[in-house]
file structure30.txt (compact mmCIF, C-alpha atoms)
# COMPACT_ATOMS: atom_id res chain seq x y z
CA MET A 11 -132.59 144.98 -127.12
CA MET A 12 -133.53 145.39 -123.51
CA HIS A 13 -130.01 145.74 -122.19
CA GLU A 14 -128.84 148.70 -124.27
CA PRO A 15 -128.13 151.98 -122.53
CA ALA A 16 -131.51 153.41 -123.61
CA ALA A 17 -133.17 150.57 -121.70
CA LEU A 18 -130.97 151.31 -118.68
CA ASP A 19 -132.10 154.96 -118.94
CA GLN A 20 -135.72 153.85 -118.79
CA MET A 21 -135.19 151.38 -115.97
CA PHE A 22 -133.34 153.86 -113.76
CA HIS A 23 -136.00 156.45 -114.58
CA ALA A 24 -138.80 154.00 -113.77
CA LEU A 25 -137.34 153.40 -110.30
CA SER A 26 -136.75 157.09 -109.56
CA ASP A 27 -140.27 157.38 -108.18
CA ARG A 28 -141.30 156.11 -104.76
CA SER A 29 -144.79 155.01 -105.90
CA ARG A 30 -143.34 153.00 -108.76
CA ARG A 31 -140.83 151.38 -106.41
CA GLY A 32 -143.81 150.52 -104.19
CA MET A 33 -145.55 148.83 -107.12
CA VAL A 34 -142.44 146.80 -107.91
CA ASP A 35 -142.34 145.88 -104.23
CA ARG A 36 -145.96 144.68 -104.37
CA LEU A 37 -145.38 142.73 -107.60
CA GLY A 38 -142.48 140.95 -105.92
CA HIS A 39 -145.15 139.09 -103.94
CA GLY A 40 -146.97 137.96 -107.10
CA PRO A 41 -148.96 139.28 -110.08
CA ALA A 42 -151.62 141.94 -109.41
CA SER A 43 -154.36 143.82 -111.20
CA VAL A 44 -154.43 147.61 -111.57
CA SER A 45 -156.97 147.96 -108.77
CA GLU A 46 -154.97 145.69 -106.45
CA LEU A 47 -151.93 147.85 -107.13
CA ALA A 48 -153.91 151.07 -106.62
CA GLU A 49 -155.50 150.04 -103.30
CA PRO A 50 -152.62 150.51 -100.83
CA LEU A 51 -151.47 153.67 -102.59
CA SER A 52 -154.66 155.76 -102.14
CA MET A 53 -154.04 156.99 -105.66
CA ALA A 54 -156.50 157.56 -108.51
CA LEU A 55 -156.62 154.74 -111.08
CA PRO A 56 -155.46 156.94 -114.00
CA THR A 57 -152.37 157.95 -112.00
CA VAL A 58 -151.64 154.33 -111.18
CA MET A 59 -152.01 153.43 -114.85
CA LYS A 60 -149.56 156.15 -115.86
CA HIS A 61 -146.99 154.80 -113.41
CA LEU A 62 -147.58 151.26 -114.67
CA ALA A 63 -147.07 152.44 -118.26
CA VAL A 64 -143.66 153.86 -117.27
CA LEU A 65 -142.75 150.57 -115.59
CA GLU A 66 -143.92 148.55 -118.59
CA ARG A 67 -142.04 150.73 -121.12
CA SER A 68 -138.87 150.19 -119.10
CA GLY A 69 -139.23 146.42 -119.35
CA LEU A 70 -139.40 145.92 -115.59
CA VAL A 71 -143.02 144.69 -115.67
CA ARG A 72 -145.28 143.14 -118.27
CA SER A 73 -149.08 143.06 -118.42
CA GLU A 74 -151.68 140.74 -119.89
CA LYS A 75 -155.37 141.32 -120.32
CA SER A 76 -157.78 138.52 -119.54
CA GLY A 77 -161.42 139.51 -120.00
CA ARG A 78 -161.72 142.93 -118.41
CA VAL A 79 -158.82 142.54 -116.00
CA ARG A 80 -155.25 143.53 -116.84
CA THR A 81 -152.70 141.73 -114.70
CA TYR A 82 -149.17 142.98 -114.12
CA ARG A 83 -146.21 140.82 -113.29
CA LEU A 84 -142.49 141.42 -112.85
CA GLN A 85 -140.34 140.70 -115.84
CA ARG A 86 -137.74 138.07 -115.01
CA ASP A 87 -134.10 139.18 -115.09
CA ALA A 88 -135.04 142.79 -115.76
CA LEU A 89 -133.11 144.07 -112.75
CA ALA A 90 -130.01 142.07 -113.63
CA GLU A 91 -128.48 144.65 -115.97
CA MET A 92 -129.02 147.51 -113.48
CA GLU A 93 -127.53 145.44 -110.72
CA ARG A 94 -124.56 144.53 -112.93
CA TRP A 95 -123.98 148.22 -113.65
CA LEU A 96 -124.12 149.15 -109.96
CA VAL A 97 -121.89 146.30 -108.84
CA ALA A 98 -119.30 147.08 -111.54
CA HIS A 99 -119.24 150.73 -110.53
CA LYS A 100 -119.16 150.04 -106.83
CA ALA A 101 -115.95 148.16 -107.51
CA GLY A 102 -114.55 151.29 -109.20
CA TRP A 103 -115.77 153.38 -106.27
CA ASN A 104 -113.95 151.14 -103.82
CA ARG A 105 -110.75 150.99 -105.87
CA ALA A 106 -110.65 154.80 -106.02
CA PHE A 107 -110.90 155.00 -102.24
CA ASP A 108 -108.41 152.23 -101.65
CA ARG A 109 -105.91 154.16 -103.78
CA LEU A 110 -106.62 157.32 -101.80
CA GLU A 111 -106.15 155.48 -98.50
CA GLN A 112 -102.90 153.95 -99.77
CA PHE A 113 -101.69 157.39 -100.85
CA LEU A 114 -102.54 158.86 -97.44
CA ALA A 115 -100.84 155.95 -95.67
CA ASP A 116 -97.70 156.42 -97.80
CA GLU A 117 -97.68 160.11 -96.90
CA GLN A 118 -97.69 159.37 -93.16
CA PRO A 119 -94.52 160.37 -91.39
CA GLU A 120 -92.63 157.29 -90.15
CA MET B 23 -130.54 161.59 -94.42
CA MET B 24 -129.05 160.26 -97.59
CA HIS B 25 -130.80 156.90 -97.49
CA GLU B 26 -134.40 158.04 -97.38
CA PRO B 27 -136.67 157.35 -100.35
CA ALA B 28 -136.28 160.93 -101.63
CA ALA B 29 -132.54 160.31 -101.92
CA LEU B 30 -133.21 157.04 -103.74
CA ASP B 31 -135.45 159.00 -106.14
CA GLN B 32 -132.59 161.36 -106.89
CA MET B 33 -129.98 158.63 -107.25
CA PHE B 34 -132.07 156.57 -109.65
CA HIS B 35 -132.90 159.75 -111.56
CA ALA B 36 -129.22 160.76 -111.70
CA LEU B 37 -128.32 157.42 -113.30
CA SER B 38 -131.18 157.50 -115.82
CA ASP B 39 -128.99 159.42 -118.26
CA ARG B 40 -126.23 157.83 -120.32
CA SER B 41 -123.92 160.87 -120.11
CA ARG B 42 -124.20 160.94 -116.33
CA ARG B 43 -123.50 157.23 -116.14
CA GLY B 44 -120.44 157.92 -118.30
CA MET B 45 -119.26 160.56 -115.82
CA VAL B 46 -119.69 158.15 -112.92
CA ASP B 47 -117.73 155.62 -114.97
CA ARG B 48 -114.90 158.14 -115.46
CA LEU B 49 -114.89 159.11 -111.78
CA GLY B 50 -114.53 155.45 -110.87
CA HIS B 51 -110.95 155.81 -112.14
CA GLY B 52 -110.23 158.78 -109.86
CA PRO B 53 -111.23 162.41 -109.24
CA ALA B 54 -111.55 164.71 -112.27
CA SER B 55 -112.12 168.36 -113.11
CA VAL B 56 -115.09 169.62 -115.12
CA SER B 57 -112.99 169.95 -118.26
CA GLU B 58 -111.52 166.45 -117.86
CA LEU B 59 -115.06 165.13 -117.54
CA ALA B 60 -116.25 167.15 -120.53
CA GLU B 61 -113.43 166.11 -122.88
CA PRO B 62 -114.47 162.57 -123.90
CA LEU B 63 -118.13 163.58 -124.11
CA SER B 64 -117.82 166.26 -126.82
CA MET B 65 -120.34 168.23 -124.82
CA ALA B 66 -120.44 171.96 -124.01
CA LEU B 67 -119.15 172.85 -120.53
CA PRO B 68 -122.49 174.30 -119.31
CA THR B 69 -124.24 171.03 -120.23
CA VAL B 70 -121.59 169.04 -118.40
CA MET B 71 -122.00 171.28 -115.37
CA LYS B 72 -125.76 170.73 -115.38
CA HIS B 73 -125.26 166.97 -115.39
CA LEU B 74 -122.70 167.24 -112.60
CA ALA B 75 -125.15 169.31 -110.53
CA VAL B 76 -127.73 166.52 -110.86
CA LEU B 77 -125.14 163.95 -109.77
CA GLU B 78 -124.03 166.09 -106.85
CA ARG B 79 -127.60 166.77 -105.64
CA SER B 80 -128.21 163.01 -105.62
CA GLY B 81 -125.24 162.46 -103.33
CA LEU B 82 -123.42 160.21 -105.80
CA VAL B 83 -120.56 162.67 -106.31
CA ARG B 84 -119.06 165.53 -104.34
CA SER B 85 -117.00 168.48 -105.56
CA GLU B 86 -114.34 170.71 -104.07
CA LYS B 87 -112.92 173.92 -105.44
CA SER B 88 -109.21 174.54 -105.21
CA GLY B 89 -108.14 177.82 -106.78
CA ARG B 90 -109.99 178.00 -110.09
CA VAL B 91 -110.43 174.26 -110.52
CA ARG B 92 -113.43 172.33 -109.20
CA THR B 93 -112.68 168.65 -108.74
CA TYR B 94 -115.34 165.96 -108.62
CA ARG B 95 -115.04 162.64 -106.85
CA LEU B 96 -117.36 159.73 -106.18
CA GLN B 97 -119.04 159.69 -102.82
CA ARG B 98 -118.16 156.54 -100.90
CA ASP B 99 -121.04 154.12 -100.20
CA ALA B 100 -123.50 156.19 -102.21
CA LEU B 101 -124.43 153.26 -104.44
CA ALA B 102 -124.89 150.91 -101.52
CA GLU B 103 -128.52 151.82 -100.82
CA MET B 104 -129.51 151.49 -104.49
CA GLU B 105 -127.76 148.17 -104.70
CA ARG B 106 -129.47 146.99 -101.50
CA TRP B 107 -132.84 147.93 -102.99
CA LEU B 108 -132.15 146.07 -106.23
CA VAL B 109 -130.79 142.98 -104.52
CA ALA B 110 -133.76 142.83 -102.12
CA HIS B 111 -136.20 143.12 -105.00
CA LYS B 112 -134.40 140.68 -107.21
CA ALA B 113 -134.98 138.14 -104.44
CA GLY B 114 -138.72 138.92 -104.59
CA TRP B 115 -138.58 138.62 -108.38
CA ASN B 116 -137.03 135.18 -108.14
CA ARG B 117 -139.40 133.95 -105.44
CA ALA B 118 -142.38 134.98 -107.57
CA PHE B 119 -141.04 132.96 -110.49
CA ASP B 120 -140.13 129.98 -108.36
CA ARG B 121 -143.74 129.91 -107.12
CA LEU B 122 -145.01 130.11 -110.70
CA GLU B 123 -142.72 127.29 -111.79
CA GLN B 124 -143.84 125.18 -108.81
CA PHE B 125 -147.48 125.86 -109.70
CA LEU B 126 -146.90 124.86 -113.32
CA ALA B 127 -145.04 121.72 -112.23
CA ASP B 128 -147.91 120.77 -109.89
CA GLU B 129 -150.37 121.26 -112.74
CA GLN B 130 -148.49 118.82 -115.00
CA PRO B 131 -150.45 115.66 -115.74
CA GLU B 132 -148.81 112.60 -114.14
call {"tool": "encode", "arguments": {"input": "structure30.txt", "output": "structure tokens"}}
result
Amino acid sequence: MMHEPAALDQMFHALSDRSRRGMVDRLGHGPASVSELAEPLSMALPTVMKHLAVLERSGLVRSEKSGRVRTYRLQRDALAEMERWLVAHKAGWNRAFDRLEQFLADEQPE
Amino acid sequence: MMHEPAALDQMFHALSDRSRRGMVDRLGHGPASVSELAEPLSMALPTVMKHLAVLERSGLVRSEKSGRVRTYRLQRDALAEMERWLVAHKAGWNRAFDRLEQFLADEQPE
């Protein structure tokens, strides 16, 4: 199951690296091969492939080999669970601060 | 600057662990001490403190010591940048798939 906490672990981990976020950014414009993904990063192919393996294990991207070229594409809905988590917790965040503000307002001298 | 990519690295990393996400969850209900955070986790205090240090370095939580008790609280707006990143990229995700669907529709025989 992609949406279990272990998957969330892997997705958050996958995005904790600037180069991997850059690859996700690139793939947002359409599928790309390893060398297309490597080009703007001035990074050795094996390093790029390691990053792509982390992204693929997390479920955020998927790859397909056709002949000698492996093409990566974003995996639909993969960000949804992370976004849900963040949105749910931002609500908690805001509630906590609203309560604090209310408390401080109540403490104000008349 | 909290919103630079390095900070995003640390925030995504901080949330890549289920126990740390649990602590953020707990702190969404209000500030808590180390032992209050440790209690539901059946985790040794030093382990809890390590997790809290990761969360605090990322900017997601902040702590304050009063007497012998250190209290942790969520840091307002800290999730906003992560959420912005996810929302922006989800849009790219969806555009990529809309283009694919359009392409497939155009390829349909009449």
call {"tool": "residues_near_point", "arguments": {"input": "structure30.txt", "point": "(-123.9, 144.4, -105.8)", "cutoff": "9 Å", "atoms": "all atoms listed in the file", "output": "list in words"}}
result
Glu93, Arg94, Trp95, Leu96, Val97, Ala98, Lys100 and Ala101 of chain A; Leu101, Ala102, Glu105, Arg106, Leu108 and Val109 of chain B
call {"tool": "interface_residues", "arguments": {"input": "structure30.txt", "of": "chain A", "to": "chain B", "cutoff": "12 Å", "atoms": "all atoms listed in the file", "output": "number ranges by chain"}}
result
A: 14-42, 68, 70-71, 83-110
call {"tool": "atom_distance", "arguments": {"input": "structure30.txt", "atom1": "atom CA of Ser43 of chain A", "atom2": "atom CA of His61 of chain A"}}
result
13.4 Å
call {"tool": "atom_distance", "arguments": {"input": "structure30.txt", "atom1": "atom CA of Arg72 of chain A", "atom2": "atom CA of Ser45 of chain A"}}
result
15.8 Å
call {"tool": "atom_distance", "arguments": {"input": "structure30.txt", "atom1": "atom CA of Tyr94 of chain B", "atom2": "atom CA of Gly81 of chain B"}}
result
11.8 Å
call {"tool": "residues_around", "arguments": {"input": "structure30.txt", "residues": "Met59 of chain A", "least_positions_apart": "2", "cutoff": "12 Å", "atoms": "only C-alpha atoms", "output": "PyMOL selection string"}}
result
chain A and resi 29-30+33+43-48+53-57+61-66+73+80-82
call {"tool": "axis_aligned_box", "arguments": {"input": "structure30.txt", "around": "segment 60-73 of chain A", "padding_each_side": "5 Å", "output": "JSON"}}
result
{"center_x": -144.2, "center_y": 149.6, "center_z": -117.3, "size_x": 20.7, "size_y": 23.1, "size_z": 17.7}
call {"tool": "build_atoms", "arguments": {"input": "structure30.txt", "residues": "segment 49-75 of chain A", "atoms": "N, CA and C atoms", "output": "short mmCIF file (atom, residue, chain, number, x, y, z; two decimals), keeping the file's coordinate frame"}}
result
data_model
loop_
_atom_site.label_atom_id
_atom_site.label_comp_id
_atom_site.auth_asym_id
_atom_site.auth_seq_id
_atom_site.Cartn_x
_atom_site.Cartn_y
_atom_site.Cartn_z
N GLU A 49 -154.88 150.04 -104.63
CA GLU A 49 -155.50 150.04 -103.30
C GLU A 49 -154.61 150.59 -102.17
N PRO A 50 -153.42 150.02 -101.97
CA PRO A 50 -152.62 150.51 -100.83
C PRO A 50 -152.05 151.90 -101.05
N LEU A 51 -152.14 152.40 -102.27
CA LEU A 51 -151.47 153.67 -102.59
C LEU A 51 -152.38 154.88 -102.43
N SER A 52 -153.68 154.66 -102.17
CA SER A 52 -154.66 155.76 -102.14
C SER A 52 -154.34 156.76 -103.26
N MET A 53 -154.39 156.24 -104.47
CA MET A 53 -154.04 156.99 -105.66
C MET A 53 -155.13 156.73 -106.71
N ALA A 54 -155.47 157.74 -107.48
CA ALA A 54 -156.50 157.56 -108.51
C ALA A 54 -156.02 156.55 -109.56
N LEU A 55 -156.97 155.75 -110.09
CA LEU A 55 -156.62 154.74 -111.08
C LEU A 55 -155.82 155.29 -112.27
N PRO A 56 -156.23 156.44 -112.85
CA PRO A 56 -155.46 156.94 -114.00
C PRO A 56 -153.99 157.22 -113.66
N THR A 57 -153.75 157.69 -112.43
CA THR A 57 -152.37 157.95 -112.00
C THR A 57 -151.60 156.64 -111.90
N VAL A 58 -152.27 155.65 -111.30
CA VAL A 58 -151.64 154.33 -111.18
C VAL A 58 -151.30 153.78 -112.57
N MET A 59 -152.24 153.96 -113.51
CA MET A 59 -152.01 153.43 -114.85
C MET A 59 -150.85 154.14 -115.55
N LYS A 60 -150.69 155.42 -115.27
CA LYS A 60 -149.56 156.15 -115.86
C LYS A 60 -148.24 155.58 -115.33
N HIS A 61 -148.20 155.36 -114.01
CA HIS A 61 -146.99 154.80 -113.41
C HIS A 61 -146.70 153.40 -113.99
N LEU A 62 -147.77 152.61 -114.15
CA LEU A 62 -147.58 151.26 -114.67
C LEU A 62 -147.08 151.30 -116.12
N ALA A 63 -147.54 152.30 -116.86
CA ALA A 63 -147.07 152.44 -118.26
C ALA A 63 -145.57 152.72 -118.28
N VAL A 64 -145.11 153.56 -117.34
CA VAL A 64 -143.66 153.86 -117.27
C VAL A 64 -142.90 152.58 -116.95
N LEU A 65 -143.41 151.82 -115.98
CA LEU A 65 -142.75 150.57 -115.59
C LEU A 65 -142.73 149.58 -116.75
N GLU A 66 -143.84 149.52 -117.49
CA GLU A 66 -143.92 148.55 -118.59
C GLU A 66 -143.00 148.96 -119.75
N ARG A 67 -142.94 150.26 -120.05
CA ARG A 67 -142.04 150.73 -121.12
C ARG A 67 -140.58 150.40 -120.79
N SER A 68 -140.26 150.43 -119.50
CA SER A 68 -138.87 150.19 -119.10
C SER A 68 -138.49 148.71 -119.20
N GLY A 69 -139.50 147.85 -119.29
CA GLY A 69 -139.23 146.42 -119.35
C GLY A 69 -139.23 145.74 -117.99
N LEU A 70 -139.45 146.52 -116.93
CA LEU A 70 -139.40 145.92 -115.59
C LEU A 70 -140.65 145.09 -115.28
N VAL A 71 -141.79 145.47 -115.87
CA VAL A 71 -143.02 144.69 -115.67
C VAL A 71 -143.65 144.42 -117.04
N ARG A 72 -144.54 143.45 -117.06
CA ARG A 72 -145.28 143.14 -118.27
C ARG A 72 -146.73 142.92 -117.87
N SER A 73 -147.66 143.26 -118.76
CA SER A 73 -149.08 143.06 -118.42
C SER A 73 -149.77 142.21 -119.47
N GLU A 74 -150.90 141.62 -119.03
CA GLU A 74 -151.68 140.74 -119.89
C GLU A 74 -153.14 140.98 -119.56
N LYS A 75 -153.96 141.08 -120.58
CA LYS A 75 -155.37 141.32 -120.32
C LYS A 75 -156.13 140.01 -120.46
#
